[in-house]
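Colleague: mmCIF, C-alpha atoms, saved as coords-v2.cif, coming up:
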```cif
data_query
loop_
_atom_site.label_atom_id
_atom_site.label_comp_id
_atom_site.auth_asym_id
_atom_site.auth_seq_id
_atom_site.Cartn_x
_atom_site.Cartn_y
_atom_site.Cartn_z
CA MET A 415 7.85 11.24 -18.13
CA ARG A 416 5.89 14.51 -17.87
CA LEU A 417 6.14 15.89 -14.37
CA THR A 418 3.54 18.20 -12.93
CA HIS A 419 4.71 21.73 -12.50
CA THR A 420 3.34 22.92 -9.19
CA LEU A 421 5.08 20.87 -6.52
CA LEU A 422 8.53 20.43 -8.00
CA SER A 423 10.15 23.27 -6.11
CA ALA A 424 13.66 24.46 -6.77
CA ALA A 425 14.93 22.34 -3.90
CA LEU A 426 13.24 19.24 -5.24
CA ALA A 427 14.38 19.89 -8.79
CA THR A 428 17.94 20.11 -7.51
CA ALA A 429 17.50 16.87 -5.60
CA LEU A 430 16.23 15.11 -8.74
CA THR A 431 19.41 15.98 -10.64
CA THR A 432 21.75 14.60 -8.02
CA ALA A 433 22.64 11.04 -7.11
CA LEU A 434 20.36 10.33 -4.18
CA SER A 435 22.21 7.88 -1.97
CA GLY A 436 19.63 7.85 0.81
CA ALA A 437 22.06 9.17 3.42
CA ALA A 438 20.73 11.37 6.23
CA VAL A 439 18.93 14.38 4.76
CA ALA A 440 18.04 17.58 6.57
CA ALA A 441 14.39 18.34 7.22
CA ILE A 442 12.54 20.85 5.05
CA THR A 443 12.91 24.54 5.81
CA PRO A 444 10.28 26.63 7.60
CA ASP A 445 9.56 28.44 4.32
CA GLU A 446 8.89 25.15 2.58
CA ALA A 447 6.66 24.02 5.44
CA LYS A 448 4.47 27.12 4.94
CA LYS A 449 3.13 25.51 1.77
CA LEU A 450 1.36 22.88 3.87
CA GLY A 451 -2.28 23.85 4.20
CA THR A 452 -1.95 26.62 1.60
CA THR A 453 -0.88 25.59 -1.91
CA LEU A 454 -0.42 22.05 -0.62
CA THR A 455 -2.75 19.95 1.47
CA ALA A 456 -1.85 19.27 5.09
CA ILE A 457 0.12 16.16 4.08
CA GLY A 458 1.80 17.58 0.97
CA ALA A 459 -0.47 16.91 -2.02
CA GLU A 460 -1.19 19.60 -4.59
CA LYS A 461 -4.39 21.25 -3.49
CA ALA A 462 -5.30 22.51 -6.96
CA GLY A 463 -6.83 20.37 -9.67
CA ASN A 464 -5.20 19.82 -13.04
CA LYS A 465 -5.54 22.05 -16.10
CA ASP A 466 -8.21 20.09 -17.92
CA GLY A 467 -10.35 19.47 -14.82
CA THR A 468 -10.06 15.68 -14.84
CA ILE A 469 -8.43 15.89 -11.40
CA PRO A 470 -10.46 18.20 -9.13
CA GLU A 471 -9.28 20.50 -6.39
CA TYR A 472 -8.83 18.88 -2.97
CA THR A 473 -11.58 20.10 -0.67
CA GLY A 474 -11.08 17.94 2.41
CA GLY A 475 -12.05 14.47 1.25
CA LEU A 476 -15.06 12.33 2.04
CA THR A 477 -16.09 12.50 5.70
CA THR A 478 -19.82 11.79 5.50
CA ALA A 479 -20.95 8.18 5.32
CA PRO A 480 -23.47 7.33 2.59
CA ALA A 481 -26.95 6.08 3.33
CA GLY A 482 -26.97 2.47 4.42
CA PHE A 483 -23.76 2.55 6.45
CA LYS A 484 -24.12 1.39 10.05
CA ALA A 485 -21.68 2.83 12.57
CA GLY A 486 -19.14 0.23 13.62
CA ASP A 487 -19.87 -2.02 10.66
CA GLY A 488 -16.93 -3.48 8.76
CA ILE A 489 -18.67 -3.28 5.37
CA ARG A 490 -18.70 0.17 3.76
CA PRO A 491 -21.26 1.00 1.06
CA ASN A 492 -20.02 2.54 -2.17
CA PRO A 493 -20.69 6.30 -2.07
CA PHE A 494 -20.27 6.50 -5.86
CA ALA A 495 -22.38 3.48 -6.81
CA GLY A 496 -24.51 5.34 -9.33
CA GLU A 497 -21.64 6.61 -11.47
CA LYS A 498 -20.70 5.36 -14.94
CA PRO A 499 -17.21 5.19 -16.49
CA ARG A 500 -16.17 8.32 -18.37
CA LEU A 501 -13.63 6.29 -20.35
CA VAL A 502 -13.01 2.62 -21.12
CA ILE A 503 -9.50 1.52 -22.07
CA ASP A 504 -8.82 -1.80 -23.75
CA ALA A 505 -6.19 -3.16 -26.13
CA LYS A 506 -7.70 -1.25 -29.06
CA ASN A 507 -7.24 2.27 -27.62
CA LEU A 508 -4.31 1.48 -25.33
CA ALA A 509 -1.88 3.61 -27.34
CA GLN A 510 -3.99 6.75 -26.84
CA HIS A 511 -3.69 6.48 -23.04
CA ALA A 512 -0.35 4.70 -22.62
CA ASP A 513 1.35 7.69 -20.96
CA LYS A 514 -1.10 7.46 -18.03
CA LEU A 515 -0.89 3.70 -17.47
CA THR A 516 1.65 1.72 -15.47
CA GLU A 517 3.79 -0.75 -17.39
CA GLY A 518 1.95 -3.55 -15.62
CA THR A 519 -1.44 -2.22 -16.69
CA LYS A 520 -0.30 -1.97 -20.31
CA ALA A 521 1.08 -5.50 -20.18
CA LEU A 522 -2.24 -6.87 -18.90
CA LEU A 523 -4.15 -5.05 -21.63
CA GLN A 524 -1.83 -6.49 -24.25
CA LYS A 525 -1.80 -10.01 -22.82
CA TYR A 526 -5.51 -10.56 -22.10
CA PRO A 527 -8.21 -9.43 -24.59
CA SER A 528 -10.79 -9.66 -21.77
CA PHE A 529 -8.93 -7.19 -19.55
CA ARG A 530 -10.01 -3.56 -19.59
CA VAL A 531 -9.74 -0.44 -17.47
CA ASP A 532 -12.99 1.38 -16.64
CA VAL A 533 -12.01 4.96 -15.74
CA TYR A 534 -14.54 6.76 -13.54
CA PRO A 535 -14.72 10.44 -12.54
CA THR A 536 -11.96 11.28 -10.09
CA HIS A 537 -12.92 11.84 -6.46
CA ARG A 538 -10.24 12.98 -4.03
CA SER A 539 -12.01 11.16 -1.22
CA VAL A 540 -9.08 10.62 1.18
CA ALA A 541 -9.48 12.43 4.51
CA PHE A 542 -7.69 12.39 7.85
CA PRO A 543 -8.43 13.32 11.46
CA LYS A 544 -7.31 16.82 12.43
CA PHE A 545 -4.43 15.57 14.57
CA VAL A 546 -2.78 14.07 11.48
CA ALA A 547 -2.66 17.48 9.81
CA ASP A 548 -1.54 19.23 12.99
CA ASN A 549 1.27 16.79 13.73
CA THR A 550 2.46 16.70 10.13
CA ALA A 551 2.97 20.47 10.24
CA LYS A 552 4.69 20.15 13.61
CA ILE A 553 7.26 17.53 12.59
CA ALA A 554 7.83 18.59 8.97
CA THR A 555 10.89 20.66 9.83
CA GLN A 556 12.51 18.10 12.14
CA ALA A 557 12.00 14.65 10.62
CA LYS A 558 14.96 13.11 8.81
CA THR A 559 16.28 9.79 7.58
CA ASN A 560 19.33 7.94 8.92
CA ASN A 561 21.21 4.72 8.21
CA ASP A 562 21.30 5.22 4.46
CA GLY A 563 17.61 6.01 4.35
CA ARG A 564 16.52 2.90 6.25
CA SER A 565 15.60 4.66 9.51
CA ILE A 566 13.81 7.86 10.44
CA GLU A 567 13.92 10.05 13.51
CA GLY A 568 12.20 13.19 14.76
CA ALA A 569 8.77 12.00 13.62
CA HIS A 570 5.65 10.80 15.43
CA ALA A 571 1.90 10.78 14.68
CA GLY A 572 2.29 12.78 11.47
CA PHE A 573 3.59 12.23 7.95
CA PRO A 574 7.36 12.67 8.30
CA PHE A 575 8.13 13.94 4.78
CA PRO A 576 5.16 15.82 3.26
CA ILE A 577 7.55 17.46 0.79
CA PRO A 578 9.90 14.56 -0.02
CA LYS A 579 13.32 15.11 -1.52
CA THR A 580 14.44 11.49 -1.85
CA GLY A 581 12.89 8.21 -2.77
CA TYR A 582 13.51 6.96 0.74
CA GLU A 583 11.50 9.80 2.25
CA ALA A 584 8.57 9.12 -0.08
CA MET A 585 8.65 5.41 0.73
CA TRP A 586 8.72 6.13 4.47
CA ASN A 587 5.50 8.11 4.04
CA HIS A 588 4.02 4.96 2.53
CA LEU A 589 5.41 2.67 5.23
CA VAL A 590 3.91 4.70 8.09
CA ARG A 591 0.75 5.66 6.16
CA TYR A 592 -2.31 6.36 8.28
CA ASN A 593 -4.97 3.63 8.07
CA GLY A 594 -6.15 4.25 11.61
CA GLN A 595 -4.21 3.20 14.69
CA ALA A 596 -5.61 -0.35 14.98
CA TYR A 597 -7.95 -2.58 12.99
CA GLU A 598 -9.00 -6.18 12.44
CA VAL A 599 -9.88 -8.07 9.28
CA LYS A 600 -11.16 -11.60 8.75
CA TYR A 601 -9.60 -12.20 5.37
CA ARG A 602 -8.96 -14.61 2.54
CA ASN A 603 -5.85 -14.76 0.36
CA LEU A 604 -6.63 -16.32 -3.00
CA ASN A 605 -4.57 -17.51 -5.96
CA VAL A 606 -5.79 -18.03 -9.53
CA ASP A 607 -3.69 -20.36 -11.66
CA ALA A 608 -3.09 -20.24 -15.42
CA ALA A 609 -6.09 -22.51 -16.02
CA GLY A 610 -8.39 -20.08 -14.18
CA ARG A 611 -8.83 -22.18 -11.03
CA THR A 612 -9.16 -20.26 -7.76
CA THR A 613 -7.41 -21.73 -4.71
CA LEU A 614 -7.55 -20.60 -1.10
CA ALA A 615 -3.96 -19.82 -0.08
CA THR A 616 -4.78 -18.82 3.52
CA GLU A 617 -7.59 -17.32 5.53
CA GLY A 618 -7.74 -16.10 9.06
CA VAL A 619 -7.87 -13.14 11.40
CA ASN A 620 -5.49 -10.25 10.79
CA VAL A 621 -4.84 -7.67 13.52
CA GLN A 622 -2.71 -4.65 12.65
CA GLU A 623 -1.54 -1.67 14.65
CA TYR A 624 0.49 1.46 13.92
CA PRO A 625 1.94 2.61 17.27
CA PHE A 626 3.52 5.45 15.30
CA TRP A 627 0.06 7.08 15.20
CA ASP A 628 -0.66 6.94 18.94
CA ALA A 629 -1.14 10.67 19.50
CA SER A 630 -1.41 10.18 23.26
CA LYS A 631 2.33 9.51 23.32
CA THR A 632 5.22 11.70 22.23
CA SER A 633 7.25 9.01 20.49
CA ALA A 634 7.28 5.37 19.43
CA GLU A 635 9.95 2.80 18.64
CA THR A 636 7.65 0.63 16.51
CA TYR A 637 5.77 1.94 13.51
CA TRP A 638 3.85 -1.22 12.49
CA ARG A 639 2.97 -4.62 13.88
CA ILE A 640 0.77 -7.43 12.65
CA LYS A 641 -0.62 -10.67 14.08
CA ASN A 642 -2.13 -13.29 11.80
CA THR A 643 -4.02 -16.31 13.08
CA TYR A 644 -4.74 -18.77 10.28
CA THR A 645 -8.07 -20.61 10.20
CA GLY A 646 -7.66 -22.20 6.77
CA PRO A 647 -7.04 -24.12 4.69
CA ALA A 648 -7.30 -27.11 7.03
CA ARG A 649 -3.61 -28.00 6.79
CA ARG A 650 -2.67 -24.53 8.07
CA ALA A 651 -5.40 -23.97 10.64
CA GLY A 652 -3.92 -22.99 14.00
CA GLU A 653 -0.73 -21.44 12.64
CA ALA A 654 0.04 -17.90 13.75
CA LEU A 655 2.45 -15.15 12.75
CA LEU A 656 3.70 -12.03 14.53
CA ILE A 657 5.81 -9.24 12.99
CA VAL A 658 7.09 -6.00 14.54
CA ASP A 659 8.84 -3.31 12.48
CA PRO A 660 10.82 -0.53 14.23
CA LEU A 661 11.34 3.01 13.02
CA ASP A 662 15.07 2.41 13.41
CA ILE A 663 14.97 -0.58 11.09
CA GLY A 664 18.46 0.32 9.91
CA THR A 665 20.03 -0.91 13.15
CA LYS A 666 17.35 -2.91 15.00
CA ASP A 667 15.75 -4.76 12.06
CA ARG A 668 12.42 -6.57 11.94
CA ARG A 669 11.36 -9.03 14.65
CA ALA A 670 9.16 -11.93 13.61
CA TRP A 671 7.87 -15.16 15.12
CA THR A 672 5.71 -18.04 13.93
CA TYR A 673 3.66 -20.61 15.79
CA LEU A 674 3.21 -24.10 14.33
CA PRO A 675 0.56 -26.18 16.13
CA GLY A 676 2.25 -29.46 15.24
CA GLN A 677 5.36 -28.39 17.19
CA ARG A 678 3.47 -26.57 19.96
CA ARG A 679 6.08 -23.83 20.15
CA VAL A 680 6.87 -20.34 18.94
CA LYS A 681 9.90 -19.96 16.69
CA VAL A 682 11.87 -16.88 15.65
CA ALA A 683 11.36 -16.30 11.92
CA PRO A 684 14.28 -14.23 10.64
CA ASP A 685 13.56 -14.93 6.97
CA LEU A 686 10.13 -13.27 6.77
CA SER A 687 11.40 -10.33 4.73
CA HIS A 688 12.67 -9.16 1.36
CA ASP A 689 12.21 -11.72 -1.45
CA THR A 690 11.25 -14.67 0.73
CA PRO A 691 8.11 -16.12 -0.89
CA ASN A 692 5.11 -14.94 1.10
CA PRO A 693 3.60 -17.97 2.90
CA GLY A 694 0.33 -16.10 3.26
CA THR A 695 -0.15 -16.19 -0.52
CA ALA A 696 1.43 -19.64 -1.01
CA GLY A 697 4.35 -17.92 -2.73
CA GLY A 698 2.18 -15.77 -4.99
CA ASN A 699 4.43 -12.80 -4.25
CA THR A 700 7.46 -11.87 -2.15
CA PHE A 701 7.27 -10.88 1.47
CA ASP A 702 8.19 -7.27 0.67
CA ASP A 703 5.40 -7.16 -1.93
CA ILE A 704 2.94 -6.98 0.97
CA PHE A 705 0.96 -3.71 0.73
CA ILE A 706 2.90 -3.20 -2.56
CA PHE A 707 6.01 -2.64 -0.43
CA ILE A 708 6.92 -3.19 3.19
CA GLY A 709 10.04 -3.68 5.26
CA SER A 710 13.65 -2.59 5.08
CA MET A 711 14.97 -0.56 2.15
CA ASP A 712 18.50 -1.91 2.34
CA ARG A 713 18.60 -3.92 -0.91
CA PHE A 714 17.59 -1.22 -3.38
CA ASP A 715 18.50 2.35 -4.21
CA PHE A 716 15.27 4.36 -4.14
CA LYS A 717 15.14 7.31 -6.53
CA LEU A 718 12.40 9.92 -6.49
CA VAL A 719 11.53 10.39 -10.17
CA GLY A 720 8.78 12.94 -9.69
CA LYS A 721 5.03 13.23 -9.93
CA LYS A 722 2.76 12.14 -12.77
CA GLU A 723 -0.93 11.81 -13.57
CA MET A 724 -1.74 8.10 -13.69
CA ILE A 725 -4.84 5.91 -13.96
CA VAL A 726 -4.87 3.68 -10.87
CA PRO A 727 -7.42 1.67 -8.84
CA TYR A 728 -9.26 4.15 -6.59
CA ASN A 729 -12.49 4.31 -4.61
CA ALA A 730 -12.78 0.59 -5.32
CA TYR A 731 -15.56 0.00 -2.79
CA THR A 732 -17.35 -2.54 -4.96
CA ALA A 733 -14.31 -4.82 -5.23
CA VAL A 734 -13.27 -4.36 -1.60
CA TYR A 735 -16.63 -4.49 0.19
CA GLN A 736 -19.47 -5.63 -2.08
CA ALA A 737 -18.03 -8.27 -4.41
CA LYS A 738 -18.59 -12.00 -4.17
CA GLN A 739 -15.43 -14.09 -4.47
CA ASP A 740 -16.61 -16.04 -7.51
CA ASP A 741 -17.73 -12.86 -9.25
CA LEU A 742 -14.51 -10.95 -8.58
CA LEU A 743 -11.86 -13.58 -9.33
CA LYS A 744 -12.01 -14.60 -12.96
CA PRO A 745 -9.52 -16.44 -15.18
CA ASN A 746 -6.41 -14.33 -15.88
CA HIS A 747 -7.50 -11.22 -13.95
CA LEU A 748 -10.07 -9.63 -11.65
CA ASN A 749 -13.48 -8.97 -13.14
CA PRO A 750 -13.20 -5.56 -14.87
CA ASP A 751 -16.87 -4.88 -14.13
CA LEU A 752 -16.06 -4.71 -10.41
CA VAL A 753 -12.81 -2.69 -10.40
CA ARG A 754 -12.96 1.09 -10.44
CA TRP A 755 -10.05 3.12 -11.84
CA GLU A 756 -9.52 6.89 -11.61
CA LEU A 757 -6.99 9.48 -12.75
CA HIS A 758 -4.85 10.70 -9.84
CA ARG A 759 -1.47 12.30 -9.30
CA VAL A 760 1.10 9.89 -7.96
CA TRP A 761 4.69 10.12 -6.86
CA VAL A 762 6.88 7.80 -8.91
CA VAL A 763 9.76 6.06 -7.12
CA GLU A 764 12.23 3.78 -8.89
CA ALA A 765 14.09 1.15 -6.87
CA THR A 766 17.20 -0.38 -8.45
CA LEU A 767 18.93 -3.39 -6.91
CA ARG A 768 22.17 -2.39 -5.20
CA GLU A 769 25.45 -3.85 -6.30
CA GLY A 770 26.27 -6.90 -4.21
CA LYS A 771 22.69 -7.31 -2.97
CA ARG A 772 20.36 -10.19 -3.85
CA HIS A 773 16.69 -10.08 -4.77
CA VAL A 774 14.44 -11.74 -7.35
CA TYR A 775 13.65 -8.25 -8.65
CA SER A 776 16.33 -6.19 -10.35
CA LYS A 777 14.16 -3.09 -10.51
CA ARG A 778 10.84 -1.91 -9.12
CA THR A 779 8.71 1.13 -9.83
CA PHE A 780 6.25 2.32 -7.21
CA TYR A 781 3.32 4.71 -7.65
CA LEU A 782 2.35 6.53 -4.43
CA ASP A 783 -0.96 8.37 -4.17
CA GLU A 784 -0.34 12.07 -3.43
CA ASP A 785 -3.44 12.35 -1.23
CA SER A 786 -2.71 9.38 1.06
CA TRP A 787 0.95 8.37 0.43
CA ALA A 788 -0.26 4.78 -0.03
CA ALA A 789 1.37 2.80 -2.82
CA LEU A 790 -1.35 2.04 -5.36
CA ALA A 791 0.64 0.15 -7.98
CA SER A 792 4.05 -1.29 -8.78
CA ASP A 793 6.02 -2.78 -11.65
CA GLN A 794 8.61 -5.47 -10.82
CA TYR A 795 11.37 -6.60 -13.20
CA ASP A 796 13.37 -9.83 -13.15
CA ALA A 797 17.15 -10.28 -13.37
CA ARG A 798 17.00 -9.98 -17.17
CA GLY A 799 15.24 -6.63 -16.91
CA GLN A 800 11.93 -8.00 -18.18
CA LEU A 801 8.62 -7.08 -16.59
CA TYR A 802 7.86 -9.91 -14.16
CA ARG A 803 5.01 -8.89 -11.86
CA ALA A 804 2.53 -6.05 -11.59
CA GLY A 805 0.99 -5.07 -8.26
CA PHE A 806 -2.17 -3.08 -7.49
CA ALA A 807 -3.73 -1.90 -4.22
CA TYR A 808 -7.45 -1.22 -4.22
CA MET A 809 -8.05 2.07 -2.45
CA ALA A 810 -11.35 2.36 -0.55
CA PRO A 811 -11.17 5.17 2.04
CA SER A 812 -12.89 4.63 5.38
CA TYR A 813 -15.12 7.69 5.51
CA ASP A 814 -16.25 6.77 9.03
CA LEU A 815 -12.82 7.25 10.67
CA PRO A 816 -11.72 8.96 8.34
CA ALA A 817 -8.65 7.22 6.90
CA PRO A 818 -7.46 5.63 3.65
CA TYR A 819 -7.55 1.85 3.32
CA THR A 820 -5.52 -0.10 0.75
CA ASP A 821 -5.01 -3.46 2.45
CA MET A 822 -6.69 -5.43 -0.31
CA PHE A 823 -4.03 -5.80 -2.97
CA GLY A 824 -2.91 -8.26 -5.60
CA HIS A 825 -0.07 -9.23 -7.93
CA TYR A 826 -0.11 -10.51 -11.48
CA ASP A 827 2.71 -12.84 -12.52
CA LEU A 828 3.06 -11.91 -16.18
CA VAL A 829 5.44 -14.78 -16.90
CA ALA A 830 3.47 -17.66 -15.37
CA GLY A 831 0.06 -16.21 -16.16
CA ILE A 832 -1.19 -16.47 -12.56
CA TYR A 833 -2.31 -13.90 -10.01
CA SER A 834 -2.99 -13.52 -6.30
CA LEU A 835 -5.39 -11.40 -4.27
CA THR A 836 -4.59 -10.61 -0.64
CA GLY A 837 -6.96 -9.34 2.04
CA PHE A 838 -10.31 -10.13 0.44
CA ALA A 839 -12.91 -9.56 3.19
CA ALA A 840 -16.17 -8.64 1.48
CA GLU A 841 -17.74 -11.97 2.45
CA THR A 842 -16.22 -12.21 5.93
CA GLY A 843 -17.22 -8.93 7.56
CA GLY A 844 -14.89 -6.37 6.04
CA MET A 845 -12.51 -4.22 8.09
CA ARG A 846 -13.28 -2.99 11.61
CA GLN A 847 -11.41 -0.29 13.48
CA THR A 848 -10.47 -1.56 16.96
CA LYS A 849 -8.74 -0.42 20.11
CA PRO A 850 -5.01 -1.15 20.34
CA LEU A 851 -3.99 -4.31 22.16
CA THR A 852 -1.70 -4.25 25.17
CA ASP A 853 2.04 -4.73 24.73
CA ARG A 854 1.62 -8.11 26.38
CA ASP A 855 -0.68 -9.15 23.54
CA TRP A 856 2.18 -8.46 21.15
CA SER A 857 4.69 -10.72 22.89
CA PRO A 858 5.83 -14.03 21.36
CA ASP A 859 4.23 -15.86 24.30
CA SER A 860 0.80 -14.51 23.33
CA LEU A 861 1.22 -15.98 19.87
CA ALA A 862 1.07 -19.56 21.13
CA GLY A 863 -2.19 -18.94 22.95
CA SER A 864 -3.85 -17.42 19.91
CA GLY A 865 -2.67 -20.11 17.52
CA ILE A 866 -3.56 -23.37 19.26
CA ARG A 867 -6.40 -25.19 17.54
#
```
Mind turning this structure into structure tokens?
Modeller:
Amino acid sequence: MRLTHTLLSAALATALTTALSGAAVAAITPDEAKKLGTTLTAIGAEKAGNKDGTIPEYTGGLTTAPAGFKAGDGIRPNPFAGEKPRLVIDAKNLAQHADKLTEGTKALLQKYPSFRVDVYPTHRSVAFPKFVADNTAKIATQAKTNNDGRSIEGAHAGFPFPIPKTGYEAMWNHLVRYNGQAYEVKYRNLNVDAAGRTTLATEGVNVQEYPFWDASKTSAETYWRIKNTYTGPARRAGEALLIVDPLDIGTKDRRAWTYLPGQRRVKVAPDLSHDTPNPGTAGGNTFDDIFIFIGSMDRFDFKLVGKKEMIVPYNAYTAVYQAKQDDLLKPNHLNPDLVRWELHRVWVVEATLREGKRHVYSKRTFYLDEDSWAALASDQYDARGQLYRAGFAYMAPSYDLPAPYTDMFGHYDLVAGIYSLTGFAAETGGMRQTKPLTDRDWSPDSLAGSGIR
């Protein structure tokens, strides 16, 4: 794997040659932190473009809404709608571009003659509010991991590890990624079987909050929480789900509850984690496949491999906000006409199953966008070491906040020939930024009230 030369400092190069156990690691030095906002962006990406100009210099991202956007609307027009692909990759020219494609992307190109990758000009469109940059610089020299990498401390309202030295630090940047502090989506989760039939797995209202990013406070115990209220299909209407993830997940662990209208009571749900089949996708992926990865990092060893230029879904506004369900979901894969791919630098993290731990995946490779820290793709391998599933998140930055947004994602099961798409909202109003709910609204008791049909 060819690593880029700029950001692999001597300290990082040393870290890459050692066995990274994920134990507590000291924060970066003040001299390292001086790179932020100079040679690096405020959150740690390389500011410069690449040598051949296919990745441009970062100049602050997209902060101006295109014509046609209405303030407060959940549907965001595509600011790059008039562009044409600069490159089209299919099975015939796969070999020429294989070094810039994930293993999952290559497998799809080889498996399905109708699958292709339309590569558009790269736009580094991700932008953040000023407080994100300010707080990242403030906490960069004090944030650290604990509990074998599973917990972090000394961080609030900023990216904790803008210059990561371990796989755990890079993954924490993804876990706490900034999407905005609170937002609501009326969504559909859809599965497509091997015969090409599309089935509604679930639909409903999804409310998410990141208390970690509440800049009015000096600290937070919880970094992420989600409340789902299902409205369909009919057999699941009225069910509800509540999950709360703490920053100290190494000792406190996730808290989760479900409400089942037939029982009229809220139940603790301790199994909504790791490789439990995700009920929201009717088992189309695992629970920790959500957002490409979420939850505790206790079952894998996470190794920071380095940074690489990769072709990944990016600025996918058409798929996320403009597409019709029947046009987007086609037999075997999403409609290539509606999915935009770009060349970006990503951090590569390899997760290998720990000895004595259980999971349906023996190995996972994650690809984290340098400009947002969001995971954009993943490769998952089964117990035999064969490629099992491929995951993709469809980046469409919210220029109105500004903030990245990657909550529409999907997984291809390369063995069964099926795939799932989570968080489709183009026909149900898109994604709206909201004000945070009260703590009372996040109690198990509130779940029953929201779930009764």
Colleague: For segment 593-607 of chain A, please output as a PDB file with C-alpha atoms, keeping the file's coordinate frame all residues within 7 Å (counting all atoms listed in the file; exclusion window: fewer than 4 positions along the same chain).
Modeller:
```pdb
ATOM      1  CA  ARG A 611      -8.830 -22.180 -11.030  1.00  0.00           C
ATOM      2  CA  THR A 612      -9.160 -20.260  -7.760  1.00  0.00           C
ATOM      3  CA  THR A 613      -7.410 -21.730  -4.710  1.00  0.00           C
ATOM      4  CA  LEU A 614      -7.550 -20.600  -1.100  1.00  0.00           C
ATOM      5  CA  ALA A 615      -3.960 -19.820  -0.080  1.00  0.00           C
ATOM      6  CA  THR A 616      -4.780 -18.820   3.520  1.00  0.00           C
ATOM      7  CA  GLU A 617      -7.590 -17.320   5.530  1.00  0.00           C
ATOM      8  CA  GLY A 618      -7.740 -16.100   9.060  1.00  0.00           C
ATOM      9  CA  VAL A 619      -7.870 -13.140  11.400  1.00  0.00           C
ATOM     10  CA  ASN A 620      -5.490 -10.250  10.790  1.00  0.00           C
ATOM     11  CA  VAL A 621      -4.840  -7.670  13.520  1.00  0.00           C
ATOM     12  CA  GLN A 622      -2.710  -4.650  12.650  1.00  0.00           C
ATOM     13  CA  GLU A 623      -1.540  -1.670  14.650  1.00  0.00           C
ATOM     14  CA  TYR A 624       0.490   1.460  13.920  1.00  0.00           C
ATOM     15  CA  PRO A 625       1.940   2.610  17.270  1.00  0.00           C
ATOM     16  CA  TRP A 627       0.060   7.080  15.200  1.00  0.00           C
ATOM     17  CA  ASP A 628      -0.660   6.940  18.940  1.00  0.00           C
ATOM     18  CA  GLY A 694       0.330 -16.100   3.260  1.00  0.00           C
ATOM     19  CA  THR A 695      -0.150 -16.190  -0.520  1.00  0.00           C
ATOM     20  CA  PRO A 745      -9.520 -16.440 -15.180  1.00  0.00           C
ATOM     21  CA  ALA A 817      -8.650   7.220   6.900  1.00  0.00           C
ATOM     22  CA  PRO A 818      -7.460   5.630   3.650  1.00  0.00           C
ATOM     23  CA  TYR A 819      -7.550   1.850   3.320  1.00  0.00           C
ATOM     24  CA  ILE A 832      -1.190 -16.470 -12.560  1.00  0.00           C
ATOM     25  CA  TYR A 833      -2.310 -13.900 -10.010  1.00  0.00           C
ATOM     26  CA  SER A 834      -2.990 -13.520  -6.300  1.00  0.00           C
ATOM     27  CA  LEU A 835      -5.390 -11.400  -4.270  1.00  0.00           C
ATOM     28  CA  THR A 836      -4.590 -10.610  -0.640  1.00  0.00           C
ATOM     29  CA  GLY A 837      -6.960  -9.340   2.040  1.00  0.00           C
ATOM     30  CA  PHE A 838     -10.310 -10.130   0.440  1.00  0.00           C
ATOM     31  CA  ALA A 839     -12.910  -9.560   3.190  1.00  0.00           C
ATOM     32  CA  THR A 842     -16.220 -12.210   5.930  1.00  0.00           C
ATOM     33  CA  GLY A 843     -17.220  -8.930   7.560  1.00  0.00           C
ATOM     34  CA  GLY A 844     -14.890  -6.370   6.040  1.00  0.00           C
ATOM     35  CA  MET A 845     -12.510  -4.220   8.090  1.00  0.00           C
ATOM     36  CA  ARG A 846     -13.280  -2.990  11.610  1.00  0.00           C
ATOM     37  CA  GLN A 847     -11.410  -0.290  13.480  1.00  0.00           C
ATOM     38  CA  THR A 848     -10.470  -1.560  16.960  1.00  0.00           C
ATOM     39  CA  LYS A 849      -8.740  -0.420  20.110  1.00  0.00           C
ATOM     40  CA  PRO A 850      -5.010  -1.150  20.340  1.00  0.00           C
TER      41      PRO A 850
END
```
Colleague: Counting only C-alpha atoms, which residue out of A:Ala797, A:Val531, A:Ala648, A:Ala791 sits closest to Met809 of chain A?
Modeller: A:Ala791
Colleague: Convert the output of the PyMOL selection byres ((chain A and resi 501) around 9) on the shown file into explicit residues, formatted as a PDB file with C-alpha atoms, in the coordinates of the input.
Modeller:
```
ATOM      1  CA  LYS A 498     -20.700   5.360 -14.940  1.00  0.00           C
ATOM      2  CA  PRO A 499     -17.210   5.190 -16.490  1.00  0.00           C
ATOM      3  CA  ARG A 500     -16.170   8.320 -18.370  1.00  0.00           C
ATOM      4  CA  VAL A 502     -13.010   2.620 -21.120  1.00  0.00           C
ATOM      5  CA  ILE A 503      -9.500   1.520 -22.070  1.00  0.00           C
ATOM      6  CA  VAL A 531      -9.740  -0.440 -17.470  1.00  0.00           C
ATOM      7  CA  ASP A 532     -12.990   1.380 -16.640  1.00  0.00           C
ATOM      8  CA  VAL A 533     -12.010   4.960 -15.740  1.00  0.00           C
ATOM      9  CA  TYR A 534     -14.540   6.760 -13.540  1.00  0.00           C
ATOM     10  CA  PRO A 535     -14.720  10.440 -12.540  1.00  0.00           C
TER      11      PRO A 535
END
```
Colleague: I'd like the neighbourhood of Asp659 of chain A as a VMD selection string, where a residue qualifies if any of its atoms comes within 7 Å (using only C-alpha atoms), though same-chain residues fewer than 5 positions away should be ignored.
Modeller: chain A and resid 636 to 639 668 to 669
Colleague: Could you tell me which of A:Val762, A:Leu757, A:Ile489, A:Leu790 comes closest to Tyr582 of chain A if we count all atoms listed in the file?
Modeller: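 For Tyr582 of chain A, the nearest of the given residues is A:Val762.
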